[in-house]
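Novice: Quick one, upload.csv (CSV, C-alpha atoms):
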chain,number,residue,atom,x,y,z
A,1025,MET,CA,20.3,36.7,6.0
A,1026,ARG,CA,16.5,36.1,6.0
A,1027,VAL,CA,14.8,33.6,8.3
A,1028,VAL,CA,11.3,32.5,7.3
A,1029,SER,CA,8.9,30.1,9.0
A,1030,ALA,CA,8.0,26.9,7.2
A,1031,GLU,CA,4.5,27.2,8.6
A,1032,GLY,CA,2.2,28.5,5.9
A,1033,LEU,CA,5.2,29.3,3.6
A,1034,ASP,CA,4.3,30.2,0.0
A,1035,VAL,CA,6.7,28.0,-1.9
A,1036,GLU,CA,6.6,30.2,-5.0
A,1037,SER,CA,8.0,33.1,-2.9
A,1038,VAL,CA,11.3,31.3,-2.2
A,1039,LEU,CA,12.0,29.4,-5.4
A,1040,ASP,CA,14.4,32.1,-6.7
A,1041,PHE,CA,16.6,31.7,-3.6
A,1042,PHE,CA,17.5,28.2,-4.8
A,1043,GLU,CA,19.8,29.7,-7.4
A,1044,ASP,CA,22.1,29.7,-4.4
A,1045,VAL,CA,22.4,27.7,-1.2
A,1046,VAL,CA,19.3,27.7,1.1
A,1047,VAL,CA,19.0,26.2,4.6
A,1048,VAL,CA,16.0,23.9,4.8
A,1049,PRO,CA,14.4,21.8,7.5
A,1050,THR,CA,14.1,18.1,7.1
A,1051,GLU,CA,12.7,15.3,9.3
A,1052,THR,CA,16.3,14.1,10.0
A,1053,VAL,CA,18.5,17.2,10.5
A,1054,TYR,CA,18.6,20.7,8.9
A,1055,GLY,CA,20.3,20.8,5.5
A,1056,LEU,CA,22.1,23.1,3.1
A,1057,ALA,CA,20.2,22.7,-0.2
A,1058,ALA,CA,21.3,23.5,-3.7
A,1059,ASN,CA,20.0,22.6,-7.2
A,1060,ILE,CA,22.0,19.5,-8.3
A,1061,TRP,CA,22.5,21.1,-11.8
A,1062,ASN,CA,23.8,24.4,-10.4
A,1063,LEU,CA,27.5,23.5,-9.8
A,1064,ARG,CA,28.3,27.0,-8.5
A,1065,ALA,CA,25.8,26.5,-5.7
A,1066,VAL,CA,27.0,22.9,-5.1
A,1067,GLU,CA,30.6,24.0,-4.8
A,1068,ARG,CA,29.6,26.7,-2.4
A,1069,ILE,CA,28.1,24.0,-0.1
A,1070,PHE,CA,31.5,22.4,0.0
A,1071,ALA,CA,33.2,25.7,0.8
A,1072,LEU,CA,30.7,26.7,3.5
A,1073,LYS,CA,31.0,23.4,5.3
A,1074,GLY,CA,34.7,22.9,4.8
A,1075,ARG,CA,33.6,19.5,3.4
A,1076,PRO,CA,36.3,17.3,1.7
A,1077,ALA,CA,35.8,17.0,-2.0
A,1078,ASN,CA,35.8,13.2,-1.8
A,1079,ASN,CA,32.7,13.2,0.5
A,1080,PRO,CA,29.7,12.8,-1.8
A,1081,LEU,CA,26.4,14.6,-1.4
A,1082,ILE,CA,22.9,13.0,-1.1
A,1083,ALA,CA,20.4,14.0,-3.7
A,1084,GLY,CA,16.8,14.7,-2.6
A,1085,ILE,CA,14.1,13.8,-5.1
A,1086,SER,CA,10.3,14.2,-5.2
A,1087,SER,CA,9.3,11.3,-7.4
A,1088,VAL,CA,10.5,8.0,-8.9
A,1089,GLN,CA,10.5,9.7,-12.3
A,1090,MET,CA,13.0,12.2,-11.0
A,1091,LEU,CA,15.1,9.3,-9.6
A,1092,GLU,CA,15.2,7.7,-13.1
A,1093,GLU,CA,16.7,10.9,-14.5
A,1094,ILE,CA,19.8,10.6,-12.5
A,1095,VAL,CA,20.4,6.8,-12.0
A,1096,GLU,CA,21.5,4.1,-14.4
A,1097,GLY,CA,19.7,0.9,-15.1
A,1098,PRO,CA,16.7,-0.8,-13.5
A,1099,ILE,CA,15.8,-0.4,-9.8
A,1100,PRO,CA,16.7,-3.6,-7.9
A,1101,LEU,CA,13.7,-5.5,-6.5
A,1102,GLN,CA,15.0,-5.1,-2.9
A,1103,TYR,CA,15.2,-1.3,-3.4
A,1104,LYS,CA,11.6,-1.3,-4.7
A,1105,LYS,CA,10.6,-2.9,-1.4
A,1106,LEU,CA,12.5,-0.3,0.6
A,1107,ILE,CA,11.1,2.5,-1.5
A,1108,GLU,CA,7.5,1.2,-1.0
A,1109,ASN,CA,7.9,1.0,2.7
A,1110,PHE,CA,10.2,3.9,3.6
A,1111,TRP,CA,9.9,6.7,1.0
A,1112,PRO,CA,9.3,9.5,1.6
A,1113,GLY,CA,11.5,9.2,4.7
A,1114,PRO,CA,15.0,8.9,6.3
A,1115,LEU,CA,16.4,6.2,4.0
A,1116,THR,CA,19.2,6.9,1.4
A,1117,LEU,CA,19.9,4.3,-1.4
A,1118,LEU,CA,23.0,4.1,-3.5
A,1119,PHE,CA,22.6,3.7,-7.3
A,1120,LYS,CA,24.9,3.6,-10.3
A,1121,SER,CA,24.9,7.3,-11.4
A,1122,LYS,CA,24.1,8.6,-14.9
A,1123,ASP,CA,26.9,10.6,-16.5
A,1124,ASN,CA,24.7,13.7,-16.3
A,1125,VAL,CA,25.4,14.0,-12.6
A,1126,SER,CA,28.6,15.9,-11.9
A,1127,PRO,CA,31.5,14.1,-10.2
A,1128,ILE,CA,31.5,17.0,-7.8
A,1129,VAL,CA,28.2,15.8,-6.5
A,1130,ARG,CA,29.3,12.2,-6.4
A,1131,GLY,CA,32.6,12.8,-4.7
A,1132,GLY,CA,34.4,11.2,-7.7
A,1133,LEU,CA,32.5,7.9,-7.3
A,1134,ASN,CA,30.4,6.2,-10.0
A,1135,THR,CA,27.5,6.0,-7.6
A,1136,ILE,CA,24.9,8.5,-6.4
A,1137,ALA,CA,23.1,8.6,-3.1
A,1138,VAL,CA,19.4,9.4,-3.3
A,1139,ARG,CA,16.5,9.8,-0.9
A,1140,MET,CA,13.0,11.2,-1.0
A,1141,PRO,CA,12.7,13.5,2.1
A,1142,GLY,CA,9.8,13.1,4.5
A,1143,SER,CA,9.2,16.9,4.6
A,1144,LYS,CA,6.1,17.8,2.6
A,1145,LEU,CA,7.4,21.3,2.2
A,1146,LEU,CA,10.7,20.1,0.9
A,1147,LEU,CA,9.0,17.7,-1.5
A,1148,LYS,CA,6.9,20.5,-2.8
A,1149,ILE,CA,10.0,22.8,-3.3
A,1150,ILE,CA,11.8,20.0,-5.2
A,1151,GLU,CA,8.7,19.3,-7.3
A,1152,ARG,CA,8.3,23.0,-8.2
A,1153,LEU,CA,12.0,23.4,-9.1
A,1154,GLY,CA,11.8,20.3,-11.3
A,1155,ALA,CA,15.3,19.3,-10.2
A,1156,PRO,CA,16.8,17.2,-7.4
A,1157,LEU,CA,18.4,19.1,-4.5
A,1158,VAL,CA,21.6,18.1,-2.8
A,1159,ILE,CA,21.1,18.4,0.9
A,1160,PRO,CA,24.0,17.7,3.3
A,1161,SER,CA,23.6,18.6,6.9
A,1162,ALA,CA,23.7,22.3,7.6
A,1163,ASN,CA,26.8,22.3,9.9
A,1164,ILE,CA,30.5,22.9,9.7
A,1165,SER,CA,32.0,19.6,8.7
A,1166,GLY,CA,33.0,17.6,11.8
A,1167,ARG,CA,30.6,19.5,14.1
A,1168,PRO,CA,27.4,18.1,15.7
A,1169,SER,CA,24.5,17.9,13.3
A,1170,PRO,CA,21.9,20.7,13.5
A,1171,THR,CA,18.4,19.9,14.7
A,1172,THR,CA,17.2,23.5,15.1
A,1173,ILE,CA,17.6,26.7,13.1
A,1174,GLU,CA,19.6,28.1,16.0
A,1175,HIS,CA,22.2,25.4,15.6
A,1176,VAL,CA,22.6,26.4,11.9
A,1177,ILE,CA,23.0,30.1,12.8
A,1178,GLU,CA,25.6,29.1,15.4
A,1179,ASP,CA,27.7,27.6,12.6
A,1180,PHE,CA,27.0,29.9,9.6
A,1181,GLY,CA,25.8,33.2,11.0
A,1182,ASP,CA,24.6,35.3,8.0
A,1183,GLU,CA,26.5,33.4,5.3
A,1184,VAL,CA,23.4,31.9,3.8
A,1185,LYS,CA,20.8,34.3,2.3
A,1186,LEU,CA,17.7,32.3,3.2
A,1187,MET,CA,17.0,30.0,6.1
A,1188,ILE,CA,13.7,28.2,6.4
A,1189,ASP,CA,12.8,27.5,10.1
A,1190,GLY,CA,10.7,24.3,10.5
A,1191,GLY,CA,11.2,23.9,14.3
A,1192,PRO,CA,13.1,21.1,15.9
A,1193,SER,CA,13.8,18.1,13.6
A,1194,SER,CA,11.4,15.3,14.3
A,1195,ILE,CA,13.9,12.4,14.0
A,1196,GLY,CA,17.2,14.1,15.0
A,1197,VAL,CA,19.8,11.9,13.1
A,1198,GLU,CA,20.7,11.6,9.5
A,1199,SER,CA,19.2,9.1,7.1
A,1200,THR,CA,20.2,5.4,7.0
A,1201,ILE,CA,22.4,4.7,3.9
A,1202,VAL,CA,22.0,1.4,2.2
A,1203,GLN,CA,23.7,-0.2,-0.9
A,1204,TYR,CA,22.6,-3.4,-2.7
A,1205,VAL,CA,25.7,-5.5,-3.6
A,1206,ASP,CA,26.0,-9.1,-4.6
A,1207,GLY,CA,22.5,-10.1,-3.6
A,1208,ARG,CA,22.6,-8.5,-0.2
A,1209,LEU,CA,21.9,-5.1,1.4
A,1210,GLN,CA,24.7,-3.3,3.1
A,1211,VAL,CA,23.9,-0.7,5.7
A,1212,LEU,CA,26.7,1.8,5.3
A,1213,ARG,CA,25.4,4.4,7.8
A,1214,PRO,CA,22.8,3.6,10.5
A,1215,GLY,CA,20.2,6.3,10.8
A,1216,GLY,CA,16.5,7.2,10.9
A,1217,ILE,CA,15.4,3.8,9.6
A,1218,THR,CA,16.6,1.0,11.9
A,1219,VAL,CA,18.3,-2.2,10.7
A,1220,GLU,CA,15.5,-4.2,12.3
A,1221,ARG,CA,12.8,-2.4,10.2
A,1222,ILE,CA,14.8,-3.0,7.0
A,1223,LYS,CA,15.1,-6.7,7.7
A,1224,ASP,CA,11.3,-6.9,8.2
A,1225,VAL,CA,10.5,-5.8,4.6
A,1226,VAL,CA,13.2,-7.5,2.5
A,1227,ASP,CA,14.0,-11.1,1.7
A,1228,CYS,CA,17.8,-10.9,1.4
A,1229,GLU,CA,20.7,-10.8,3.8
A,1230,VAL,CA,21.2,-7.4,5.6
A,1231,ILE,CA,24.7,-6.6,7.0
A,1232,VAL,CA,26.1,-3.5,8.7
A,1233,LYS,CA,29.3,-2.0,7.2
A,1234,LYS,CA,30.0,1.2,9.0
A,1235,ASN,CA,32.4,3.8,7.6
A,1236,GLU,CA,32.1,2.3,4.2
A,1237,TRP,CA,30.6,5.2,2.3
A,1238,GLY,CA,32.2,8.3,0.7
A,1239,GLY,CA,35.2,10.1,2.0
A,1240,LYS,CA,34.6,9.8,5.8
A,1241,GLU,CA,38.0,8.5,6.8
A,1242,LYS,CA,38.2,6.9,10.2
A,1243,ARG,CA,41.0,9.1,11.4
A,1244,HIS,CA,38.8,12.2,11.2
A,1245,LYS,CA,36.3,12.9,14.0
A,1246,HIS,CA,32.7,13.6,13.1
A,1247,TYR,CA,29.7,15.2,14.9
A,1248,SER,CA,32.3,16.5,17.4
A,1249,PRO,CA,31.8,19.4,20.0
A,1250,LYS,CA,34.5,21.8,20.7
A,1251,SER,CA,34.9,20.4,24.2
A,1252,PRO,CA,36.4,16.9,24.6
A,1253,LEU,CA,33.7,14.2,24.7
A,1254,VAL,CA,34.1,11.0,26.7
A,1255,LEU,CA,31.8,8.1,25.9
A,1256,PHE,CA,31.0,5.5,28.6
A,1257,LYS,CA,30.0,2.0,27.3
A,1258,GLY,CA,28.8,-1.0,29.3
A,1259,ARG,CA,25.9,-2.0,31.6
A,1260,GLN,CA,23.9,1.0,32.8
A,1261,GLU,CA,24.9,0.5,36.5
A,1262,ASP,CA,28.6,0.4,35.5
A,1263,ILE,CA,28.2,3.5,33.3
A,1264,LYS,CA,26.6,5.4,36.2
A,1265,ASP,CA,29.5,4.4,38.6
A,1266,GLY,CA,32.1,5.1,35.9
A,1267,ILE,CA,30.8,8.6,35.3
A,1268,LEU,CA,30.7,9.4,39.1
A,1269,LYS,CA,34.3,8.0,39.5
A,1270,TYR,CA,35.5,10.1,36.5
A,1271,ILE,CA,33.9,13.2,38.0
A,1272,SER,CA,35.5,12.6,41.4
A,1273,GLU,CA,38.9,12.2,39.8
A,1274,SER,CA,38.6,15.3,37.6
A,1275,SER,CA,38.7,18.1,40.3
A,1276,ASN,CA,41.0,20.1,38.0
A,1277,ILE,CA,38.2,20.4,35.4
A,1278,ALA,CA,36.1,23.5,36.2
A,1279,ARG,CA,32.9,22.7,34.3
A,1280,VAL,CA,31.7,19.2,33.5
A,1281,GLY,CA,28.6,18.4,31.3
A,1282,VAL,CA,26.9,15.0,31.5
A,1283,ALA,CA,24.5,13.7,28.9
A,1284,LEU,CA,22.3,10.9,30.4
A,1285,HIS,CA,19.1,9.2,29.6
A,1286,SER,CA,16.1,8.6,31.9
A,1287,GLY,CA,16.8,4.9,32.2
A,1288,MET,CA,19.4,6.0,34.7
A,1289,ASP,CA,18.8,7.3,38.2
A,1290,LEU,CA,19.5,11.0,37.8
A,1291,LYS,CA,19.1,11.6,41.5
A,1292,ILE,CA,22.5,10.2,42.2
A,1293,PHE,CA,24.0,13.2,40.5
A,1294,SER,CA,22.2,15.7,42.7
A,1295,ASP,CA,25.2,16.1,45.0
A,1296,VAL,CA,27.7,16.4,42.2
A,1297,LYS,CA,28.4,19.9,40.7
A,1298,VAL,CA,27.8,19.1,37.1
A,1299,ASP,CA,25.6,20.3,34.2
A,1300,ILE,CA,23.1,17.5,33.5
A,1301,PHE,CA,21.3,17.1,30.1
A,1302,ASP,CA,18.5,14.4,30.1
A,1303,MET,CA,18.4,13.0,26.6
A,1304,GLY,CA,15.1,11.3,27.0
A,1305,ASP,CA,13.2,8.3,28.3
A,1306,ASP,CA,13.4,6.0,25.2
A,1307,LYS,CA,15.7,5.6,22.2
A,1308,LYS,CA,13.3,7.5,19.9
A,1309,ASN,CA,13.5,10.6,22.2
A,1310,ILE,CA,17.2,10.2,22.8
A,1311,CYS,CA,17.7,10.1,19.0
A,1312,LYS,CA,15.8,13.3,18.7
A,1313,ASN,CA,17.6,15.1,21.5
A,1314,PHE,CA,21.2,14.0,21.8
A,1315,PHE,CA,22.7,16.4,19.2
A,1316,ARG,CA,20.8,19.2,20.8
A,1317,GLY,CA,22.1,18.1,24.2
A,1318,ILE,CA,25.7,17.9,23.0
A,1319,ARG,CA,25.5,21.4,21.5
A,1320,LYS,CA,23.9,22.8,24.7
A,1321,LEU,CA,26.6,21.3,27.0
A,1322,ASP,CA,29.4,22.3,24.7
A,1323,LYS,CA,28.5,26.0,25.2
A,1324,VAL,CA,29.3,26.2,28.9
A,1325,ASN,CA,31.4,23.1,29.8
A,1326,ASP,CA,35.1,22.1,29.6
A,1327,ILE,CA,34.4,18.4,29.0
A,1328,ILE,CA,31.3,16.4,28.1
A,1329,LEU,CA,30.6,12.9,29.5
A,1330,VAL,CA,28.0,10.8,27.7
A,1331,ALA,CA,26.2,7.6,28.8
A,1332,GLY,CA,26.2,5.0,26.0
A,1333,MET,CA,23.4,2.5,25.3
A,1334,ASP,CA,22.6,-0.8,23.6
A,1335,CYS,CA,23.0,-0.9,19.9
A,1336,ASP,CA,19.5,-2.0,19.0
A,1337,GLU,CA,16.8,-0.1,17.2
A,1338,GLN,CA,17.7,3.7,17.2
A,1339,GLY,CA,20.6,3.0,19.6
A,1340,HIS,CA,22.6,1.8,16.6
A,1341,ALA,CA,22.5,5.2,15.0
A,1342,ILE,CA,23.0,7.1,18.3
A,1343,MET,CA,26.1,5.1,19.2
A,1344,ASP,CA,27.5,5.4,15.7
A,1345,ARG,CA,27.5,9.2,16.1
A,1346,LEU,CA,28.8,9.2,19.6
A,1347,GLU,CA,31.7,6.8,18.8
A,1348,LYS,CA,32.7,9.0,15.9
A,1349,ALA,CA,32.4,12.2,18.1
A,1350,ALA,CA,34.3,10.8,21.1
A,1351,ASP,CA,37.8,11.8,22.0
A,1352,ARG,CA,37.9,8.8,24.4
A,1353,VAL,CA,35.7,5.7,24.8
A,1354,ILE,CA,35.7,4.1,28.3
A,1355,GLU,CA,34.6,0.4,28.2
A,1356,LEU,CA,33.2,-0.7,31.6
Take the structure in the file and give it back as structure tokens.
Specialist:
Amino acid sequence: MRVVSAEGLDVESVLDFFEDVVVVPTETVYGLAANIWNLRAVERIFALKGRPANNPLIAGISSVQMLEEIVEGPIPLQYKKLIENFWPGPLTLLFKSKDNVSPIVRGGLNTIAVRMPGSKLLLKIIERLGAPLVIPSANISGRPSPTTIEHVIEDFGDEVKLMIDGGPSSIGVESTIVQYVDGRLQVLRPGGITVERIKDVVDCEVIVKKNEWGGKEKRHKHYSPKSPLVLFKGRQEDIKDGILKYISESSNIARVGVALHSGMDLKIFSDVKVDIFDMGDDKKNICKNFFRGIRKLDKVNDIILVAGMDCDEQGHAIMDRLEKAADRVIEL
């Protein structure tokens, strides 16, 4: 395994590594990248992650011309508005796929998910390769997403020959996935672009349909730590009291980790023997930090308690991940 810094990286020096799987930094989370036309490398991504075959991959492109090489038919007007406003960036769009894209990439569907990453380095790599890269998150399937190179190494060790270290991910959650159907936009996965921002730039109905894309069946957990995770939902005062009550009634649990945000009074936990992780003082920072916090707490605790938040702006994406990761949700 070789780890190189993204800073000042000579792109030409790493292109040959993309004949196999490479760990790359993106603005969302770290990804496992492979040339979309190299099915051996694509299949290795599924094997490394333990990813179900019916869970499609997202293709990263560097230009609209590259998009037209893999999608069928004209680009819908509403997509053009989204592309103009949010590409490059953390927005994935679903298109009808051309037959040249393998069903392995598409998870057996007739659609293909595409985005133009916000990372200038990654765009340059894709441009120089002259081919889209499939780039799922660089974690074992079901585990919390990786936002640092250390998270990737925790999951894969030396199984990937080249890892590019770009520092902490600037956004911290995956891209928003959107599909245009019957004259309206459906948000299939909340992510780095908020629903509010999407509504601001289009002139059609926008609805949220979670768990509607690919092979992510509801009975399977996602983004999950090894330790049980309990999510508390409700008013912030009720959440605070609920967490304290849970801790007081859990004397049989040796090590308790608690993920909070700075909107809460952290001082009230000073007399309680728990491991506190402060996720941040606003939803943008919480979005950037919460996967890191869950991984950190998971290393040394027997259970993780997480304070929920309102589902507006980035809160929608955060709560989507936490609800999928949770072993138990306590409504207060």
Novice: Stretch 1279-1318 of chain A near stretch 1216-1233 of chain A within 12 Å: what's each residue's closest atom pair and its distance in Å to one decimal, counting only C-alpha atoms, ordered by chain then ascending residue number, as a tab-separated table?
Specialist:
residue	atom	partner	partner_atom	distance
A:Lys1307	CA	A:Thr1218	CA	11.3
A:Lys1308	CA	A:Gly1216	CA	9.6
A:Cys1311	CA	A:Gly1216	CA	8.7
A:Lys1312	CA	A:Gly1216	CA	9.9
Novice: I'd like the interatomic distance between atom CA of A:Leu1063 and atom CA of A:Gly1215, to a tenth of an Å.
Specialist: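 These atoms are spaced 27.8 Å apart.
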Novice: Work out how far atom CA of A:Leu1356 is from atom CA of A:Gly1266, in Å to one decimal.
Specialist: 7.3 Å
Novice: Could you check which of A:Ile1354, A:Ala1057, A:Leu1153, A:Val1046 is closest to A:Lys1269, using all atoms listed in the file?
Specialist: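 Counting all atoms listed in the file, the residue closest to A:Lys1269 is A:Ile1354.
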Novice: Place a sphere of radius 12 Å on (25.0, -0.2, 22.2) in the file coordinates and name every protein, DNA or RNA residue with an atom inside or on its surface, counting all atoms listed in the file; give the answer as a compact mmCIF listing (two decimals) with C-alpha atoms, in the frame of the given file.
Specialist:
# COMPACT_ATOMS: atom_id res chain seq x y z
CA LEU A 1255 31.80 8.10 25.90
CA PHE A 1256 31.00 5.50 28.60
CA LYS A 1257 30.00 2.00 27.30
CA GLY A 1258 28.80 -1.00 29.30
CA ARG A 1259 25.90 -2.00 31.60
CA GLN A 1260 23.90 1.00 32.80
CA LYS A 1307 15.70 5.60 22.20
CA ALA A 1331 26.20 7.60 28.80
CA GLY A 1332 26.20 5.00 26.00
CA MET A 1333 23.40 2.50 25.30
CA ASP A 1334 22.60 -0.80 23.60
CA CYS A 1335 23.00 -0.90 19.90
CA ASP A 1336 19.50 -2.00 19.00
CA GLU A 1337 16.80 -0.10 17.20
CA GLN A 1338 17.70 3.70 17.20
CA GLY A 1339 20.60 3.00 19.60
CA HIS A 1340 22.60 1.80 16.60
CA ALA A 1341 22.50 5.20 15.00
CA ILE A 1342 23.00 7.10 18.30
CA MET A 1343 26.10 5.10 19.20
CA ASP A 1344 27.50 5.40 15.70
CA ARG A 1345 27.50 9.20 16.10
CA LEU A 1346 28.80 9.20 19.60
CA GLU A 1347 31.70 6.80 18.80
CA GLU A 1355 34.60 0.40 28.20
Novice: Which of these, A:Pro1170, A:Gly1142, A:Pro1127, A:Gly1196, has the shortest distance to A:Thr1052 once you count only C-alpha atoms?
Specialist: A:Gly1196
Novice: Which of these residues is nearest to A:Trp1111, using all atoms listed in the file: A:Arg1167, A:Arg1213, A:Arg1139, A:Lys1348?
Specialist: A:Arg1139
Novice: Counting all atoms listed in the file, which residues come within 8 Å of (20.4, 11.1, 32.7), with the point read in the file's coordinates, and could you list them as a VMD selection string?
Specialist: chain A and resid 1282 to 1290 1300 to 1304 1331
Novice: Nearest to A:Gly1154: which of A:Lys1120, A:Val1197, A:Val1045, A:Leu1091 is it, counting all atoms listed in the file?
Specialist: A:Leu1091
Novice: Hey, what's within 6 Å of stretch 1327-1330 of chain A if we count only C-alpha atoms and toss same-chain stuff fewer than 2 positions away? As a PyMOL selection string, please?
Specialist: chain A and resi 1251-1255+1280-1283+1325
